[in-house]
Each structure stands twice: as structure tokens, then as C-alpha cells.
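Asks: Can you keep this structure in mind? I'll have questions shortly.
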Amino acid sequence: MKHILRSQQFDRPNLERLFAEVGVIAKMLDTQEGRFNLRSMLTGRIMCTLFYEPSTRTRVSFETAAHRLGMDVITTENAAEFSSAAKGETLEDSIRVIAGYGIDAIVLRHKEDGASDRAAGIIDRLGLATHVLNAGDGRGQHPTQALLDLYTIWDEMHHRIDGLTVVIGGDLANGRTVRSLAYMLSRFETKIIFVSPPELAIGDDIKEHLREHGIEFREESSVAAALPEADIVYWTRVQRERMVDPALRARNFSEYRIDGETLKLLKQDAAILSPAGGALAARLMHPLPRIDEIAKEVDDDPRAAYFRQAANGLYVRSALLLRLFNQVIPV
Ligand code: CP
């Protein structure tokens, strides 16, 4: 795998192997001795984080991972304003120049769907060695987020994904994380319930993909109609910045807010038993940033997994960088 552009690149054995590697790397990154052993695995490599849209987690976790592995890092956190894109340079020209400097990996976030495909396309056409990692392209995909989301489910559910009912809710029309996650969930025997206002429903292409892969799913417009069935709730924010209709942008979506009262709908027992035999409680996840669609009062509930999920971003992105450069982690 030269580039990481979309979720469909990962099949089930590939994902399971990655999760085992992430587990090992997580343990290493959490100890001084482990960090010491990782610190020079990618020495001499350069990673450029090229972000045309805002980010906290994706950019910082990629850069932390790179530093921990001994890479040098060049960053443009506001490329839309502070790169030559502001003067009208095309993405293709910028990528051609940056890859031409011998940069080993470009982590790209861009407002346009397909931007990472275009970046990888020009690199491959010129025969350059640079890897492209899609860190979110418009309403398209965010595959490294989906990998950390799926790893979180696997980790929280004691290494099981089959048999789970996953409720995916919020703004499903504009959210790229939900699209990437749905593709990855289709590698497992899961049931998906999409919850959204009708105007923000999941795309037909995702539904078509799930049908093709025999994944049971349905759509609901009410939170209460879905939450009691959930083993995993994956909630997302309303992305008003991507809405073109002013009336929709101004609409109140407060009925899609999860607070302490809504949380009472979430079952204590998930479909999966823990290795010790006891039932596992359902989990509430969110890719973050959270605005007001999950109330702060929920944060202290043990079923709220979203900050543990964000922490997993460092481990997953470290594993991905090692993989791209053929550094094998024994599992
Ligand atoms: N989840 C996510 O992509 O967060 P950032 O926008 O902060 O990178």
C-alpha cells in the first residue's frame, strides 16, 4: 500500500493485523522504554502535514507519531491562507513541488472531495516515491479516522466487532468520518442504524455499498428509535460550514443532542460478553470536535469513549507510518 486514500483499501485480515500492531505500539508509546525503542525507526524520513482545513487531532497526532518515530516534520496548518494556494496555485503544482523535494510522506487535508486522489495521481504519474495520506477531503473520506474509530470499537469490545449494532448519527450528509467508518464496518458482520434529520441523511452510495456487502441497515430520524438497540453509538456534529442552504444552516438540530437524559436510553449491556463472562456496556463515540451535540455532563459516564478514541489516534497513526515504510512490528 503506497498511499492511504480511502477505507475500501483495507480488507478484514489487513485490519485485524493492523489492530494487533496498534495494540503493541500503544503499549510501547505508553512507557519510556518503549518510546526509546521506537525513537529511531523512521529516522531520516520527512513528513509534511499539508492542511488546507482546520484540525486539532489529526495533525497533532500525526506529527506526534512522526516525532516519536524519529521523523522530521514540516507543517503548514493553514495552507489555504499561508501557502501559494492563496495566490492561485493548483493543488497539483504544489504537490509536484513538495514531492520533488524528496518529502517521504504528505499528510493532506483539503476542502475538496478527491483532493488526495489528485495528489497521489500526480505523484504516481511523475514516478515519485512520496506517500500520500488522506487526512480528510471535503465530504469525501477520512480513512485514518475510520481506522482509529474501528480500532476503538475493537479495543473497547475486547477484540470483537462481529455481532454489534452500530448507531451512526448526526450530520451524515456532510460528515466524511461516517462515510469512511461505514465502509470499514462492512468488512464485519455488523448491523448499522443511521440516525439523522432527513435533510442530512447518509448518501445513496454508502447505502448501495452496504447492500452489495449484505450489511443490514436502516434509517431513523429519531434518536429514541435507535439508541436502545445500540452496542456502539457513533455521534457527529452538524457541519454548518459545509451547508449552502442558509435556511438549513440556521436550523436548530437540538433534538439530535445526547445529554444525561438521552443516555438513559443506552443499554448497559452490549451484545458482546467480556472475556470474564460479564456483559459489556454499550459505548458512546464521537470523532470530535464536539460542539453541543453531546452534553458535557455525559463525559464522566464510563460508556463515553470519545476521549479514549481520540487518544487512539496517536497509536493508529504511528502504526500506519511504520507500515508505509515497511517497518514490521512483531505481534
Ligand atoms: N476528528 C478529526 O478529524 O479531528 P480534527 O478535525 O481536529 O483533526
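Just remember, in the C-alpha cells the first chain shown is A, the second B, etc., residues are 1-based per chain, and ligands are 1-based in the order shown.
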Around ligand 1, at most 8 Å away and counting only C-alpha atoms and all ligand atoms, which residues are there? Put them as a ChimeraX atom specification, please.

Replies: /A:54-60,135-136,142,145,177,287-289,310

Asks: With N, CA, C and O atoms retained, could you export that selection as a CSV table (one decimal), in the first residue's frame?

Replies:
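part_22.csv was written with the following content:
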chain,number,residue,atom,x,y,z
A,54,PRO,N,-9.0,23.4,9.0
A,54,PRO,CA,-8.6,23.4,10.4
A,54,PRO,C,-8.6,21.9,10.9
A,54,PRO,O,-9.3,21.1,10.4
A,55,SER,N,-7.7,21.7,11.9
A,55,SER,CA,-7.6,20.4,12.5
A,55,SER,C,-6.9,20.6,13.9
A,55,SER,O,-6.1,21.4,14.0
A,56,THR,N,-7.3,19.8,14.8
A,56,THR,CA,-6.5,19.7,16.1
A,56,THR,C,-6.0,18.2,16.1
A,56,THR,O,-4.7,18.0,16.1
A,57,ARG,N,-6.8,17.2,16.2
A,57,ARG,CA,-6.4,15.9,16.5
A,57,ARG,C,-5.6,15.3,15.4
A,57,ARG,O,-4.5,14.6,15.6
A,58,THR,N,-6.1,15.4,14.1
A,58,THR,CA,-5.4,14.6,13.0
A,58,THR,C,-4.0,15.1,12.8
A,58,THR,O,-3.0,14.3,12.8
A,59,ARG,N,-3.8,16.5,12.8
A,59,ARG,CA,-2.5,17.0,12.5
A,59,ARG,C,-1.6,16.7,13.7
A,59,ARG,O,-0.5,16.2,13.6
A,60,VAL,N,-2.1,17.0,14.9
A,60,VAL,CA,-1.2,16.9,16.1
A,60,VAL,C,-0.8,15.4,16.4
A,60,VAL,O,0.3,15.1,16.7
A,135,ALA,N,-6.0,12.9,5.0
A,135,ALA,CA,-6.4,13.3,6.4
A,135,ALA,C,-7.8,14.0,6.4
A,135,ALA,O,-8.1,14.8,7.3
A,136,GLY,N,-8.6,13.7,5.4
A,136,GLY,CA,-9.9,14.3,5.2
A,136,GLY,C,-10.0,15.2,4.0
A,136,GLY,O,-9.2,16.1,3.8
A,142,HIS,N,-12.2,10.1,5.3
A,142,HIS,CA,-11.2,10.4,6.4
A,142,HIS,C,-10.8,9.0,6.9
A,142,HIS,O,-11.1,8.6,8.0
A,145,GLN,N,-9.1,8.3,10.3
A,145,GLN,CA,-10.1,8.5,11.4
A,145,GLN,C,-10.9,7.2,11.6
A,145,GLN,O,-11.1,6.7,12.7
A,177,THR,N,-16.2,11.3,8.2
A,177,THR,CA,-15.8,10.2,9.1
A,177,THR,C,-16.9,9.1,9.0
A,177,THR,O,-16.5,7.9,9.1
A,287,PRO,N,-16.1,11.5,16.7
A,287,PRO,CA,-14.7,11.7,16.2
A,287,PRO,C,-14.1,13.0,16.7
A,287,PRO,O,-12.9,13.2,16.6
A,288,LEU,N,-15.0,13.9,17.3
A,288,LEU,CA,-14.6,15.2,17.8
A,288,LEU,C,-14.1,16.1,16.6
A,288,LEU,O,-13.6,15.5,15.7
A,289,PRO,N,-14.2,17.4,16.6
A,289,PRO,CA,-14.6,18.2,17.8
A,289,PRO,C,-16.1,18.0,18.0
A,289,PRO,O,-16.9,17.9,17.1
A,310,ALA,N,-10.0,9.5,20.8
A,310,ALA,CA,-9.0,10.5,20.3
A,310,ALA,C,-7.6,10.1,20.6
A,310,ALA,O,-6.7,10.2,19.8

Asks: Which residues come within 10 Å of His213 (chain A), counting only C-alpha atoms, excluding same-chain residues fewer than 2 positions away, as JSON, numbers by chain?

Replies: {"A": [183, 186, 187, 188, 189, 207, 208, 209, 210, 211, 215, 216]}

Asks: Env of region 106-109 of chain A: 8 Å cut, atoms = only C-alpha atoms, seq-sep filter 5 positions within chain, self excluded. Answer as a PyMOL selection string.

Replies: chain A and resi 47-53+99+116+130-137

Asks: Name all residues at most 9 Å from region 234-243 of chain A (count only C-alpha atoms; drop same-chain ones fewer than 6 positions away) and give them as an NGL selection string.

Replies: :A and (138-139 or 149 or 166-172 or 174-175 or 177-178 or 200 or 249-250 or 253 or 258 or 283-294)

Asks: What's around region 151-155 of chain A at 8 Å? Count only C-alpha atoms, leave out sequence neighbours fewer than 4 positions away in its own chain, and write the answer as a PyMOL selection string.

Replies: chain A and resi 19+147+159-161+232+308-309+312+316

Asks: Quick one: of A:Gln327, A:Gly127, A:Ala20, A:Arg12, who's nearest to Met41 (chain A), counting only C-alpha atoms?

Replies: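 That would be A:Gln327, the residue with the smallest distance to Met41 (chain A).
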
Asks: Could you go through region 64-260 of chain A and tell me which residues DSSP, when run on the backbone, assigns to strand (DSSP E or B), listing them as a PyMOL selection string?

Replies: chain A and resi 72-76+105-110+131-137+165-169+191-195+216-220+232-235+258

Asks: Could you pull out the residues in region 78-266 of chain A that DSSP calls alpha helix (DSSP H) from the backbone, as a ChimeraX atom specification?

Replies: /A:79-82,91-100,115-125,143-156,176-185,204-212,246-250,260-263

Asks: Of the candidates A:Val233, A:Gln32, A:Arg251, A:Leu320, which shows the shortest atom-to-atom distance to Tyr306 (chain A), using only C-alpha atoms?

Replies: A:Val233

Asks: Using only C-alpha atoms, which of the listed residues (A:Glu77, A:Glu156, A:Glu92, A:Glu255) sits closest to Ala304 (chain A)?

Replies: A:Glu156

Asks: Give the answer as one residue: which of A:Gly121, A:Gly88, A:Gly203, A:Pro198 has the shortest atom-to-atom distance to Gly140 (chain A), using only C-alpha atoms?

Replies: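 Going through A:Gly121, A:Gly88, A:Gly203, A:Pro198 one by one, the smallest distance to Gly140 (chain A) is for A:Gly203.
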
Asks: So how far away is CA of Ala129 (chain A) from CA of Ser94 (chain A), in Å?

Replies: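 Computing it gives 15.8 Å between the two atoms.
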
Asks: Distance CA of Val244 (chain A)-CA of Ser196 (chain A), one decimal place?

Replies: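 Separation of CA of Val244 (chain A) and CA of Ser196 (chain A): 18.0 Å.
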
Asks: Within 6 Å of Thr165 (chain A), counting only C-alpha atoms, which residues show up once you throw out same-chain ones fewer than 2 positions away? Write them as JSON, numbers by chain, please.

Replies: {"A": [190, 191, 192, 230, 231]}

Asks: So which one's closest to Leu280 (chain A), A:Met157, A:Ala311, A:Leu5, A:Leu69? Using only C-alpha atoms, please.

Replies: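 Nearest candidate to Leu280 (chain A) out of A:Met157, A:Ala311, A:Leu5, A:Leu69: A:Met157.
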
Asks: Excluding Arg68 (chain A) and any residue of its chain fewer than 6 positions from it, enumerate the residues within 8 Å of it, using only C-alpha atoms, and give them as a list of chain:residue names.

Replies: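 Near Arg68 (chain A), the qualifying residues are A:Arg35, A:Leu38, A:Arg39.
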
Asks: How many Å separate CA of Glu212 (chain A) from CA of Pro13 (chain A)?

Replies: 19.6 Å
